[in-house]
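The structure appears right after this line, and notes come after that.
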Number of protein chains: 2
Amino acid sequence: MTPAGHRTIPVDPATAVLLTPLPIHDVTLRGFWGERQRLNRDKVIPHCDEWLERAGWVGNLRAAVDGTLATNRVGRLFTDSEIYKIMEAMAWEVAREPSPRFEARLAELSRLLTEAQAADGYLNSFYDYPGGPERYSDLEWGHELYCAGHLIQAAVARLRAGHDDALVAVARAAADHICREFGADGRDGICGHPEIETALVELYRATGERRYLDQASRFVERRGNRTLGDTMYGGRDYYQDDVCIRDAPVLVGHAVRALYLTAGAIDVAVETGDQALLEHLAAQFDRTVERRTYLTGGMGSHHHGESYGEDFELPADRAYAETCAGVASVMVAWRLLLATGEPRYADIIERTLYNIVATAPSDNGDAFHYVNTLHRRSMSVLPDPNHPSLRRTDGMRAAWFTTSCCPTNIARTLASLGGYLATVDGRGLQVHQYVDGEIQATLPDGRGVGISLETAYPLDGMVRLRVTQSDGEPWALSLRVPGWTEKATLRYGATTHQLAPGTATVTEAWQVGDELTLDLGMTPRWVRPDPRIDAVRGCAALERGPLVYCLESADQHEVDLNLVEVDTSAPFAVREPDDLPGSLAIIVSGTVRDEATGGWPYLPSQTGRPARQVKLTYVPYHRWGNRGPSAMRVWTPAVGGP
Amino acid sequence: MTPAGHRTIPVDPATAVLLTPLPIHDVTLRGFWGERQRLNRDKVIPHCDEWLERAGWVGNLRAAVDGTLATNRVGRLFTDSEIYKIMEAMAWEVAREPSPRFEARLAELSRLLTEAQAADGYLNSFYDYPGGPERYSDLEWGHELYCAGHLIQAAVARLRAGHDDALVAVARAAADHICREFGADGRDGICGHPEIETALVELYRATGERRYLDQASRFVERRGNRTLGDTMYGGRDYYQDDVCIRDAPVLVGHAVRALYLTAGAIDVAVETGDQALLEHLAAQFDRTVERRTYLTGGMGSHHHGESYGEDFELPADRAYAETCAGVASVMVAWRLLLATGEPRYADIIERTLYNIVATAPSDNGDAFHYVNTLHRRSMSVLPDPNHPSLRRTDGMRAAWFTTSCCPTNIARTLASLGGYLATVDGRGLQVHQYVDGEIQATLPDGRGVGISLETAYPLDGMVRLRVTQSDGEPWALSLRVPGWTEKATLRYGATTHQLAPGTATVTEAWQVGDELTLDLGMTPRWVRPDPRIDAVRGCAALERGPLVYCLESADQHEVDLNLVEVDTSAPFAVREPDDLPGSLAIIVSGTVRDEATGGWPYLPSQTGRPARQVKLTYVPYHRWGNRGPSAMRVWTPAVGGP
């Protein structure tokens, strides 16, 4: 299907790792993620592409070709990167399913890039034109290597789909330029925004050219040497240049920067066989998941600096939890899953996919969350769909942003999502995420194996697996049992097995047509925060399967969400809401207090305010904000124990 | 003592208001505030003045005179304002007690200003020199009128102390320039940072020139017409230009900007007799106190934009609660107290003075909080005392800041503090704050009255009042009974009266030597937050008198403050700590849990972790961070009800 040596896979280690990923066309998605992949192809990518023109960001490249940047440059300094991310998304899409439209657009944009690129390989529409800022004059904020990284990622997607085309040539020239400019004898610099690191390793993987890996390794090792200046946020931890990556115990600073860097450093560790670095990065991420992550998988608890907070500093109302940080967390967790096989990384991927990646785009695919708050106290405000928004800190999705990294990140992630669901190893096939769909895979020894999955997941926890390809010799089918399961079972043959969270592996001489039924259980469950998370003390949140639920004002009648309390000991009711088809609402019991007005909010006693019984309707968090402005909360004060 | 028409008073309405303030030299402070006023004079002001030179900010004025700004301008664009605030502090200080040093420095700086001022009255070292930015080219961020406002405030202090000197001439010329430039026929503009409004009203009060009041009124009425552009924070609410002041229900945006604007608008309302505006501003502030204020009186719960959050969005760990916002809140509350006589405004002044204004400077007077957080989870880091800091968001005081508004604001506030403690009206004398000291006052009908106060307040709640001047005719002595009192009594003659929070007024034909004993009670008390303040649900805070207390790591032995719980039903013990002389520590009972490590912090149950009994030592919040880097919390998870 693709030329020898290229497999259409978003992350494809050249060095043997524990688990080997599958090409995206070996996995067919239907159901929840299939619908979102379709929405991405039909709506999200065209929507973004249209805005790239409308906002003038493609125009910047045309101006670079025409030599009119001095008068015509528009937008922030990293607008090129959004073009690259949409090119990457289109590259995955055409690999998955032909699209003359996307092919034509890729060709058009690739021509433009070829013409805009300097003779020495440098390419960036913000710098290096008469009267404009000099190239590499602002490594702290310039985003030049960041943009180049996304260019390279787009080219890697293209190359892995079998097209060694103009885009690939541009990216290789850019990468070669960077290796010369920032090589062992070049500038002792790094980019304020990591991204080039993982891109260069992936280009090494796709081309076999060792210098790209060496350069990525150089960028990772240089970081923390304080070659960048202090930031307006009070230090260099913002861009992870405060301490060397091998000395940092936990992720700090700007969350997307920290996670992109971690992804690149894992790639370097894997390809250079640096087990100590790999283990350190895994421990860093584990600690971050344990202490600096929202229930939704969201990361980043400071709006100021878009950064991680301290351990357990996780305010629901001021959650930043940038969509891009969700995408980047999936990138990191996937790399760790491949390298370690630990199912906890698939757990955090699942949580982040369903509650950040699925939450960011609107049901219509034409508006996006930048910030994924867990609590909105007052009604949000509908943004103007014809005007790029700032970050929309009020909880509403917007059509486009002045910094529009999130929509394009969603686009490239959904387009390549098939690559993140299953793997193979010498023993057999591992299913990490459950989708209605098909998996066809080739084991390392060349044997073909296949299964189909039939499920309404995550509406339902029942997954019917059927073997669709097998040579009749034994191979292992491994199924992740999510950490959230309470009563999971697996039935095959005449036996039903109880499963504990982790991995369930069945090795059989599978025959085509063999069936297994996995039941993960979908009883709604209340969860409580670690007592060190002060911001949500005394609260409970509702989950069902992989979905985090929330209370949205649209579903409550004459109930102020700021005054409610849920009773976690009362029974649940479940129904499909008319205005949120395809989702299940969960109705619980609670009380609502009268609003007190006392002039001063801190008193010796706050008890004794009258309350009335109410029914409260929870809906999946990823659907919130699709019915106009609303108030919302994930965590709610709770009575009823435990 | 001063020329006719001038009284040395920080806020001196020209129009009759309910309560009339007293000149600062009519109030003598000893004890708690006397010590801080002494520290301010001996340390804080000289420290700031030294930094003004060291940072090159006075040098900017010299460069303006020498015509070398193009090469020599240093610092941010509002550095002039810090010079003016220190001049204001010195002006109050020399009025209070002679100081040849401060007089000489005032004369030197005034000469410099005279020479630096343009012929038309414009004066700002950041603009309007060959090669520099044009004046008024950036009303959003330029701070030109803001700086002019502080120049005028310094001059008003000088004028009210009886010196119609060079500084006053410079300020009047600047004010006249502004009235021409921004008058009815001038630019339809406002400054991105309010401050000019209150300054112009005060200049009107001090000079009787109506045009200053008219211009202040114009600035207030223009605001909200969206003449300023959008901000990087997503709207115009950052600088209160989103809606007209008469339509805003509560304070929003940058807290210092909002409060300075409110102070100026109250001044305008008072002087123009606009009762509707006054009532609206009082309601705005009342709502802000009720819903957007920290226990300490601090305001501003977003680091991003230094702004107010939504109602009840008051995270302890991300409290911004800028020192300047505390100063500005006192300015607003004092104006409302004068206009309405409502003791709740004196309550919020007391709370803010003891827990923000007294907290900001270190015990040595050489370092300052910019941000007044209520919770610091991990150990803070000692800043370099020889290098200006950014805002120090980690809870440590710093010697100086790149934006150093807070130290100079503390300086001018402490220097003029005597003006904020007592008032007179037609009936007699009102004491709003309790200090060891003397009050000498002239009633509106010319009668002289005086009292002395003998107290260790706030160490002790007993205040002995003795009449020191009286003509033997009846006059009313009014004493504020703070809102926090639980069992206050007043004894005079043979009778002891129980007092409820509010105002206790005793009208007698007072004789010199008459004594009253006020006992406000100083039992430590636990307070609980309004249940809508999600960030501190289930927590209690300890107060004693006007002081908020905190747990600081320095006082706990082998106890992680992130894992403690206090028992609010257990008895208190009180002691004076060796390392915090002059303060009382309060010892309570609690438990500390074992640290759990589970990989994922959200679980169906968080109960059952082992805990051991501990003693926890609370110290006054205003003393924290004086013993080196530490962790700290004001709100602590609590058991024991209510």
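If you're wondering about the labels, chains in the structure tokens are A, B, ... by order shown, residues count from 1 in each chain, ligands from 1 in order shown.
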
Please list as a count of residues only every residue within 12 Å of Ala171 in chain A, counting only C-alpha atoms and excluding residues in the same chain fewer than 3 positions away.
41

Residues near Asn225 in chain A, cut-off 12 Å, only C-alpha atoms, skip fewer than 5 positions along chain, as a PyMOL selection string
chain A and resi 188-190+218-220+236-237+239-247

For the selection just defined, write its residues with N, CA, C and O atoms to a file, as a PDB file, in the first residue's frame.
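File out_30.pdb, as written:
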ATOM      1  N   ASP A 188      24.334  27.732  19.776  1.00  0.00           N
ATOM      2  CA  ASP A 188      24.050  26.930  20.966  1.00  0.00           C
ATOM      3  C   ASP A 188      22.669  27.334  21.493  1.00  0.00           C
ATOM      4  O   ASP A 188      22.537  27.856  22.596  1.00  0.00           O
ATOM      5  N   GLY A 189      21.639  27.106  20.684  1.00  0.00           N
ATOM      6  CA  GLY A 189      20.318  27.620  21.046  1.00  0.00           C
ATOM      7  C   GLY A 189      19.240  26.560  21.004  1.00  0.00           C
ATOM      8  O   GLY A 189      19.424  25.457  20.474  1.00  0.00           O
ATOM      9  N   ILE A 190      18.122  26.915  21.606  1.00  0.00           N
ATOM     10  CA  ILE A 190      16.922  26.082  21.551  1.00  0.00           C
ATOM     11  C   ILE A 190      15.749  27.009  21.265  1.00  0.00           C
ATOM     12  O   ILE A 190      15.884  28.229  21.342  1.00  0.00           O
ATOM     13  N   ARG A 218      20.416  16.760  20.598  1.00  0.00           N
ATOM     14  CA  ARG A 218      21.139  17.990  20.978  1.00  0.00           C
ATOM     15  C   ARG A 218      20.172  19.013  21.598  1.00  0.00           C
ATOM     16  O   ARG A 218      20.462  19.622  22.624  1.00  0.00           O
ATOM     17  N   PHE A 219      19.029  19.208  20.970  1.00  0.00           N
ATOM     18  CA  PHE A 219      18.053  20.171  21.497  1.00  0.00           C
ATOM     19  C   PHE A 219      17.555  19.739  22.880  1.00  0.00           C
ATOM     20  O   PHE A 219      17.369  20.565  23.770  1.00  0.00           O
ATOM     21  N   VAL A 220      17.332  18.455  23.066  1.00  0.00           N
ATOM     22  CA  VAL A 220      16.852  17.967  24.364  1.00  0.00           C
ATOM     23  C   VAL A 220      17.923  18.176  25.433  1.00  0.00           C
ATOM     24  O   VAL A 220      17.629  18.643  26.541  1.00  0.00           O
ATOM     25  N   ARG A 236      12.403  30.830  33.923  1.00  0.00           N
ATOM     26  CA  ARG A 236      12.571  30.060  32.694  1.00  0.00           C
ATOM     27  C   ARG A 236      11.813  28.742  32.735  1.00  0.00           C
ATOM     28  O   ARG A 236      11.872  27.972  31.792  1.00  0.00           O
ATOM     29  N   ASP A 237      11.151  28.464  33.852  1.00  0.00           N
ATOM     30  CA  ASP A 237      10.391  27.211  33.892  1.00  0.00           C
ATOM     31  C   ASP A 237       9.239  27.253  32.901  1.00  0.00           C
ATOM     32  O   ASP A 237       8.772  26.213  32.453  1.00  0.00           O
ATOM     33  N   TYR A 239       9.328  27.862  29.828  1.00  0.00           N
ATOM     34  CA  TYR A 239       9.694  27.056  28.649  1.00  0.00           C
ATOM     35  C   TYR A 239      10.733  25.982  28.974  1.00  0.00           C
ATOM     36  O   TYR A 239      11.537  25.610  28.131  1.00  0.00           O
ATOM     37  N   GLN A 240      10.684  25.508  30.207  1.00  0.00           N
ATOM     38  CA  GLN A 240      11.458  24.334  30.610  1.00  0.00           C
ATOM     39  C   GLN A 240      12.945  24.522  30.367  1.00  0.00           C
ATOM     40  O   GLN A 240      13.660  23.586  30.028  1.00  0.00           O
ATOM     41  N   ASP A 241      13.404  25.764  30.541  1.00  0.00           N
ATOM     42  CA  ASP A 241      14.837  26.009  30.396  1.00  0.00           C
ATOM     43  C   ASP A 241      15.461  26.330  31.757  1.00  0.00           C
ATOM     44  O   ASP A 241      16.535  26.909  31.842  1.00  0.00           O
ATOM     45  N   ASP A 242      14.741  25.976  32.835  1.00  0.00           N
ATOM     46  CA  ASP A 242      15.252  26.279  34.170  1.00  0.00           C
ATOM     47  C   ASP A 242      16.184  25.192  34.685  1.00  0.00           C
ATOM     48  O   ASP A 242      17.195  25.477  35.303  1.00  0.00           O
ATOM     49  N   VAL A 243      15.808  23.934  34.467  1.00  0.00           N
ATOM     50  CA  VAL A 243      16.678  22.828  34.873  1.00  0.00           C
ATOM     51  C   VAL A 243      16.714  21.809  33.744  1.00  0.00           C
ATOM     52  O   VAL A 243      15.808  21.761  32.904  1.00  0.00           O
ATOM     53  N   CYS A 244      17.762  21.000  33.715  1.00  0.00           N
ATOM     54  CA  CYS A 244      17.893  19.986  32.675  1.00  0.00           C
ATOM     55  C   CYS A 244      16.791  18.948  32.839  1.00  0.00           C
ATOM     56  O   CYS A 244      16.336  18.671  33.955  1.00  0.00           O
ATOM     57  N   ILE A 245      16.379  18.398  31.727  1.00  0.00           N
ATOM     58  CA  ILE A 245      15.230  17.499  31.726  1.00  0.00           C
ATOM     59  C   ILE A 245      15.475  16.282  32.621  1.00  0.00           C
ATOM     60  O   ILE A 245      14.555  15.747  33.219  1.00  0.00           O
ATOM     61  N   ARG A 246      16.726  15.910  32.758  1.00  0.00           N
ATOM     62  CA  ARG A 246      17.033  14.747  33.603  1.00  0.00           C
ATOM     63  C   ARG A 246      16.946  15.080  35.100  1.00  0.00           C
ATOM     64  O   ARG A 246      17.013  14.182  35.935  1.00  0.00           O
ATOM     65  N   ASP A 247      16.861  16.353  35.429  1.00  0.00           N
ATOM     66  CA  ASP A 247      16.802  16.751  36.837  1.00  0.00           C
ATOM     67  C   ASP A 247      15.405  17.182  37.279  1.00  0.00           C
ATOM     68  O   ASP A 247      15.169  17.385  38.469  1.00  0.00           O
TER      69      ASP A 247
END

What residues in chain A have any atom no more than 7 Å from chain B when counting only C-alpha atoms, and can you write them as a PyMOL selection string?
chain A and resi 234+286+289-291+295+303-304+390+526-530+532+534-538+562-563+599-607+642

Selection export as a compact mmCIF listing (two decimals), in the first residue's frame, atoms kept: N, CA and C atoms:
# COMPACT_ATOMS: atom_id res chain seq x y z
N GLY A 234 8.21 35.25 35.12
CA GLY A 234 9.01 35.23 36.33
C GLY A 234 10.12 34.21 36.35
N ASP A 286 4.21 10.28 35.24
CA ASP A 286 3.38 9.61 36.26
C ASP A 286 3.06 10.57 37.40
N VAL A 289 0.53 13.09 36.24
CA VAL A 289 -0.82 12.53 36.19
C VAL A 289 -1.39 12.42 37.60
N GLU A 290 -0.55 12.04 38.53
CA GLU A 290 -1.02 11.83 39.90
C GLU A 290 -1.35 13.13 40.62
N ARG A 291 -0.66 14.21 40.29
CA ARG A 291 -0.75 15.42 41.11
C ARG A 291 -1.13 16.69 40.35
N LEU A 295 -9.65 15.82 36.38
CA LEU A 295 -10.45 14.61 36.19
C LEU A 295 -10.64 14.28 34.71
N HIS A 303 -4.16 30.07 34.16
CA HIS A 303 -4.34 30.88 32.95
C HIS A 303 -3.07 31.69 32.70
N HIS A 304 -2.53 32.23 33.77
CA HIS A 304 -1.31 33.03 33.67
C HIS A 304 -0.15 32.10 33.29
N LEU A 390 -10.11 35.70 21.27
CA LEU A 390 -8.95 35.36 22.08
C LEU A 390 -9.21 33.96 22.63
N TRP A 526 -19.75 7.69 41.38
CA TRP A 526 -19.26 8.94 41.96
C TRP A 526 -17.78 8.80 42.26
N VAL A 527 -17.03 9.82 41.96
CA VAL A 527 -15.62 9.82 42.39
C VAL A 527 -15.35 11.04 43.25
N ARG A 528 -14.36 10.87 44.13
CA ARG A 528 -13.97 11.91 45.09
C ARG A 528 -12.52 12.29 44.84
N PRO A 529 -12.21 13.54 45.07
CA PRO A 529 -10.83 13.99 44.83
C PRO A 529 -9.90 13.65 45.99
N ASP A 530 -8.64 13.49 45.69
CA ASP A 530 -7.61 13.41 46.74
C ASP A 530 -7.81 14.62 47.66
N ARG A 532 -5.95 16.47 49.06
CA ARG A 532 -5.02 17.60 48.85
C ARG A 532 -5.47 18.55 47.74
N ASP A 534 -7.50 21.01 47.17
CA ASP A 534 -8.34 21.89 48.00
C ASP A 534 -9.55 22.43 47.24
N ALA A 535 -9.35 22.68 45.96
CA ALA A 535 -10.37 23.41 45.19
C ALA A 535 -11.70 22.66 45.08
N VAL A 536 -11.68 21.34 45.23
CA VAL A 536 -12.94 20.59 45.08
C VAL A 536 -13.21 19.70 46.29
N ARG A 537 -12.69 20.12 47.43
CA ARG A 537 -12.93 19.39 48.68
C ARG A 537 -14.44 19.29 48.94
N GLY A 538 -14.85 18.14 49.41
CA GLY A 538 -16.26 17.97 49.75
C GLY A 538 -17.17 17.79 48.55
N ASN A 562 -24.97 27.15 41.46
CA ASN A 562 -24.06 27.59 42.51
C ASN A 562 -24.56 27.22 43.90
N LEU A 563 -25.78 26.73 43.98
CA LEU A 563 -26.39 26.49 45.29
C LEU A 563 -26.82 25.04 45.47
N GLY A 599 -23.74 40.27 53.37
CA GLY A 599 -22.81 41.38 53.33
C GLY A 599 -21.36 40.94 53.43
N TRP A 600 -21.10 39.91 54.21
CA TRP A 600 -19.74 39.42 54.39
C TRP A 600 -19.79 37.90 54.36
N PRO A 601 -18.97 37.28 53.51
CA PRO A 601 -19.18 35.85 53.25
C PRO A 601 -18.49 34.89 54.21
N TYR A 602 -17.80 35.42 55.24
CA TYR A 602 -17.07 34.52 56.14
C TYR A 602 -17.63 34.69 57.55
N LEU A 603 -18.27 33.65 58.04
CA LEU A 603 -18.98 33.76 59.31
C LEU A 603 -18.66 32.58 60.20
N PRO A 604 -18.91 32.72 61.51
CA PRO A 604 -18.65 31.59 62.41
C PRO A 604 -19.45 30.35 62.02
N SER A 605 -20.60 30.52 61.43
CA SER A 605 -21.39 29.35 61.02
C SER A 605 -22.07 29.64 59.69
N GLN A 606 -22.12 28.63 58.84
CA GLN A 606 -22.80 28.80 57.55
C GLN A 606 -23.91 27.78 57.41
N THR A 607 -24.28 27.16 58.53
CA THR A 607 -25.27 26.09 58.43
C THR A 607 -26.68 26.66 58.54
N PRO A 642 -19.08 8.19 50.26
CA PRO A 642 -18.21 7.88 51.38
C PRO A 642 -17.27 9.06 51.63

Using only C-alpha atoms, which residues sit within 10 Å of range 77-79 of chain A once same-chain residues fewer than 6 positions away are excluded, as number ranges by chain?
A: 52, 55-58, 60-61, 124-127, 141-144, 146-147, 402-405

List the neighbours of range 91-103 of chain A out to 8 Å using only C-alpha atoms; skip same-chain residues closer than 6 positions along the sequence, and give me the result as a VMD selection string.
chain A and resid 8 24 to 25 41 154 157 to 158 161 412 415 to 416

May I have the selected residues written with N, CA and C atoms, as an mmCIF file, in the first residue's frame?
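Below is the file that was written, out11.cif:
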data_model
loop_
_atom_site.group_PDB
_atom_site.id
_atom_site.type_symbol
_atom_site.label_atom_id
_atom_site.label_comp_id
_atom_site.auth_asym_id
_atom_site.auth_seq_id
_atom_site.Cartn_x
_atom_site.Cartn_y
_atom_site.Cartn_z
ATOM 1 N N THR A 8 1.957 4.049 7.376
ATOM 2 C CA THR A 8 1.215 5.268 7.689
ATOM 3 C C THR A 8 0.805 5.271 9.159
ATOM 4 N N ILE A 24 -2.562 3.522 10.182
ATOM 5 C CA ILE A 24 -3.922 4.015 10.437
ATOM 6 C C ILE A 24 -4.958 3.350 9.552
ATOM 7 N N HIS A 25 -4.537 2.873 8.374
ATOM 8 C CA HIS A 25 -5.547 2.229 7.522
ATOM 9 C C HIS A 25 -5.765 0.767 7.896
ATOM 10 N N ARG A 41 -13.232 15.238 8.880
ATOM 11 C CA ARG A 41 -12.957 15.282 7.443
ATOM 12 C C ARG A 41 -13.912 16.244 6.721
ATOM 13 N N ALA A 154 4.082 17.457 9.211
ATOM 14 C CA ALA A 154 3.202 17.312 8.045
ATOM 15 C C ALA A 154 3.896 16.482 6.972
ATOM 16 N N ALA A 157 3.992 12.805 7.833
ATOM 17 C CA ALA A 157 2.700 12.162 7.544
ATOM 18 C C ALA A 157 2.600 11.842 6.054
ATOM 19 N N ARG A 158 3.032 12.798 5.266
ATOM 20 C CA ARG A 158 2.977 12.625 3.810
ATOM 21 C C ARG A 158 3.892 11.484 3.368
ATOM 22 N N ALA A 161 2.718 8.099 4.201
ATOM 23 C CA ALA A 161 1.612 7.658 3.347
ATOM 24 C C ALA A 161 2.111 7.357 1.941
ATOM 25 N N ARG A 412 -5.557 17.300 13.244
ATOM 26 C CA ARG A 412 -4.535 16.299 12.936
ATOM 27 C C ARG A 412 -4.653 15.079 13.845
ATOM 28 N N ALA A 415 -7.641 12.897 12.586
ATOM 29 C CA ALA A 415 -7.325 12.271 11.296
ATOM 30 C C ALA A 415 -6.419 11.052 11.478
ATOM 31 N N SER A 416 -5.583 11.080 12.500
ATOM 32 C CA SER A 416 -4.625 9.976 12.696
ATOM 33 C C SER A 416 -5.021 9.081 13.859
#

So what do you get for CA of His6 in chain A versus CA of Tyr204 in chain A, distance-wise?
12.2 Å

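Pairwise distance (CA of Arg73 in chain A, CA of Glu134 in chain A) equals 14.7 Å.
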